[in-house]
Amino acid sequence: MPKAARPRKPSLAASRLRRPERNLVTFPNPAPGRDYMIRHECPEYTAVCPMTGQPDFGTIVVIYTPDQTCLELKSLKLYLWSFRDEGHYFEQATNQILDDLVRAVSPRRMTVVGLFNVRGGITTRVVARYERPGPGRAAPRSGGRSSSRS
């Protein structure tokens, strides 16, 4: 008579595996009185082309001058991972990433660069910038469409 199989415990690697999520975590800036630059390069960005359904690959570069908080790296990784099975145009994804990161970190300045792999023989680079409004500067426009009233 065969032995009854014992229930398998998940492996250590599987127990540490996190699901993609849009929750960005921050921590206190250790030097809030100084302007300095932080650069994160994330070479594993993937999403799905909304037109063809084919996978898109690229590198997302985040460059920012923090104010009171900094971005925690694991949450950034999980955030970018959350795009994997969704349809996004390069331009939309880059601007959404900038908007979400600015909302989470409230930096003095931030630039998000999307360096997307070749598709159809064309390499695409998208640069989205934010600078905190100050004296004499207008607030940046949101990524939505503008409308005019007659």
# chains A, B, ... in the order shown; residues from 1 in each chain; ligands from 1
>>> residues_around(residues="range 84-99 of chain A", least_positions_apart="5", cutoff="9 Å", atoms="only C-alpha atoms", output="PyMOL selection string")
chain A and resi 20+45-51+53+55-56+60+62+104+110-114+116+124-130+142-143
>>> write_last_selection(atoms="C-alpha atoms", output="PDB file, in the first residue's frame")
ATOM      1  CA  PRO A  20       2.905  43.073  -7.541  1.00  0.00           C
ATOM      2  CA  TYR A  45      10.089  46.945 -16.805  1.00  0.00           C
ATOM      3  CA  THR A  46       7.544  44.907 -18.741  1.00  0.00           C
ATOM      4  CA  ALA A  47       4.014  45.596 -19.914  1.00  0.00           C
ATOM      5  CA  VAL A  48       1.748  44.610 -22.772  1.00  0.00           C
ATOM      6  CA  CYS A  49       1.242  46.656 -25.929  1.00  0.00           C
ATOM      7  CA  PRO A  50      -2.428  47.726 -25.883  1.00  0.00           C
ATOM      8  CA  MET A  51      -2.589  47.528 -29.697  1.00  0.00           C
ATOM      9  CA  GLY A  53      -1.035  42.352 -26.981  1.00  0.00           C
ATOM     10  CA  PRO A  55       5.047  42.101 -24.489  1.00  0.00           C
ATOM     11  CA  ASP A  56       7.013  45.348 -24.203  1.00  0.00           C
ATOM     12  CA  ILE A  60      12.698  52.912 -16.160  1.00  0.00           C
ATOM     13  CA  VAL A  62      13.918  57.623 -11.787  1.00  0.00           C
ATOM     14  CA  ALA A 104       4.075  59.280  -2.879  1.00  0.00           C
ATOM     15  CA  MET A 110      11.811  64.391 -10.314  1.00  0.00           C
ATOM     16  CA  THR A 111      12.426  63.015 -13.792  1.00  0.00           C
ATOM     17  CA  VAL A 112      11.246  59.624 -15.028  1.00  0.00           C
ATOM     18  CA  VAL A 113      12.821  58.299 -18.205  1.00  0.00           C
ATOM     19  CA  GLY A 114      11.349  55.332 -20.044  1.00  0.00           C
ATOM     20  CA  PHE A 116      11.899  51.167 -24.186  1.00  0.00           C
ATOM     21  CA  THR A 124      11.418  54.958 -27.950  1.00  0.00           C
ATOM     22  CA  ARG A 125      12.622  57.230 -25.140  1.00  0.00           C
ATOM     23  CA  VAL A 126      10.045  59.090 -23.041  1.00  0.00           C
ATOM     24  CA  VAL A 127      11.080  61.760 -20.521  1.00  0.00           C
ATOM     25  CA  ALA A 128       8.572  63.166 -18.009  1.00  0.00           C
ATOM     26  CA  ARG A 129       9.590  65.883 -15.541  1.00  0.00           C
ATOM     27  CA  TYR A 130       8.223  67.443 -12.384  1.00  0.00           C
ATOM     28  CA  SER A 142      -1.671  67.288 -14.873  1.00  0.00           C
ATOM     29  CA  GLY A 143      -1.394  64.553 -17.461  1.00  0.00           C
TER      30      GLY A 143
END
>>> select_by_dssp(residues="range 41-101 of chain A", states="helix (DSSP H, G or I)", output="list of chain:residue names")
A:Leu73, A:Lys74, A:Ser75, A:Leu76, A:Lys77, A:Leu78, A:Tyr79, A:Leu80, A:Trp81, A:Phe90, A:Glu91, A:Gln92, A:Ala93, A:Thr94, A:Asn95, A:Gln96, A:Ile97, A:Leu98, A:Asp99, A:Asp100, A:Leu101
>>> write_last_selection(atoms="C-alpha atoms", output="CSV table (one decimal), in the first residue's frame")
chain,number,residue,atom,x,y,z
A,73,LEU,CA,13.4,50.3,-3.3
A,74,LYS,CA,11.4,47.0,-2.8
A,75,SER,CA,8.1,48.9,-3.1
A,76,LEU,CA,9.4,50.5,-6.3
A,77,LYS,CA,10.2,47.1,-7.7
A,78,LEU,CA,6.8,45.7,-6.8
A,79,TYR,CA,5.1,48.8,-8.1
A,80,LEU,CA,6.8,48.5,-11.5
A,81,TRP,CA,6.1,44.8,-11.5
A,90,PHE,CA,5.0,54.0,-23.4
A,91,GLU,CA,4.0,57.7,-23.0
A,92,GLN,CA,1.1,56.9,-20.7
A,93,ALA,CA,3.2,54.5,-18.5
A,94,THR,CA,6.0,57.0,-18.1
A,95,ASN,CA,3.7,59.8,-17.1
A,96,GLN,CA,1.7,57.6,-14.8
A,97,ILE,CA,4.9,56.4,-13.0
A,98,LEU,CA,5.9,60.1,-12.6
A,99,ASP,CA,2.5,61.1,-11.2
A,100,ASP,CA,2.4,58.2,-8.8
A,101,LEU,CA,5.9,58.7,-7.5
>>> closest_residue(among="A:Gly120, A:His40, A:Arg22, A:Arg108", to="Val61 in chain A", atoms="only C-alpha atoms")
A:His40
>>> closest_residue(among="A:Gly134, A:Pro43, A:Pro28, A:Pro107", to="Gly58 in chain A", atoms="only C-alpha atoms")
A:Pro43
>>> select_by_dssp(residues="range 21-120 of chain A", states="strand (DSSP E)", output="short mmCIF file (atom, residue, chain, number, x, y, z; two decimals) with C-alpha atoms, in the first residue's frame")
data_model
loop_
_atom_site.label_atom_id
_atom_site.label_comp_id
_atom_site.auth_asym_id
_atom_site.auth_seq_id
_atom_site.Cartn_x
_atom_site.Cartn_y
_atom_site.Cartn_z
CA THR A 26 8.70 55.93 1.76
CA PHE A 27 11.14 56.57 4.59
CA PRO A 28 12.45 59.81 6.15
CA ILE A 38 18.92 59.91 -6.11
CA ARG A 39 18.93 57.77 -9.25
CA HIS A 40 17.16 54.41 -9.51
CA GLU A 41 17.56 52.36 -12.67
CA CYS A 42 15.02 49.57 -13.11
CA PRO A 43 15.98 47.42 -16.14
CA GLU A 44 13.15 44.89 -15.79
CA TYR A 45 10.09 46.94 -16.80
CA THR A 46 7.54 44.91 -18.74
CA ALA A 47 4.01 45.60 -19.91
CA VAL A 48 1.75 44.61 -22.77
CA PRO A 55 5.05 42.10 -24.49
CA ASP A 56 7.01 45.35 -24.20
CA PHE A 57 10.29 45.61 -22.33
CA GLY A 58 12.33 48.54 -21.14
CA THR A 59 14.25 50.31 -18.44
CA ILE A 60 12.70 52.91 -16.16
CA VAL A 61 15.10 55.49 -14.72
CA VAL A 62 13.92 57.62 -11.79
CA ILE A 63 16.02 60.64 -10.86
CA TYR A 64 14.88 62.89 -8.03
CA THR A 65 15.83 65.39 -5.38
CA THR A 69 10.90 61.44 2.22
CA CYS A 70 12.73 58.95 0.00
CA LEU A 71 11.37 56.01 -1.97
CA ARG A 109 12.28 67.69 -8.50
CA MET A 110 11.81 64.39 -10.31
CA THR A 111 12.43 63.02 -13.79
CA VAL A 112 11.25 59.62 -15.03
CA VAL A 113 12.82 58.30 -18.20
CA GLY A 114 11.35 55.33 -20.04
CA LEU A 115 13.98 53.63 -22.21
CA PHE A 116 11.90 51.17 -24.19
CA ASN A 117 13.28 48.34 -26.29
CA VAL A 118 12.93 48.33 -30.05
CA ARG A 119 9.42 47.71 -31.37
#
>>> atom_distance(atom1="CA of Arg19 in chain A", atom2="CA of Arg103 in chain A")
21.9 Å
>>> atom_distance(atom1="CA of Gln54 in chain A", atom2="CA of Glu21 in chain A")
22.1 Å
>>> atom_distance(atom1="CA of Ser82 in chain A", atom2="CA of Arg132 in chain A")
26.9 Å
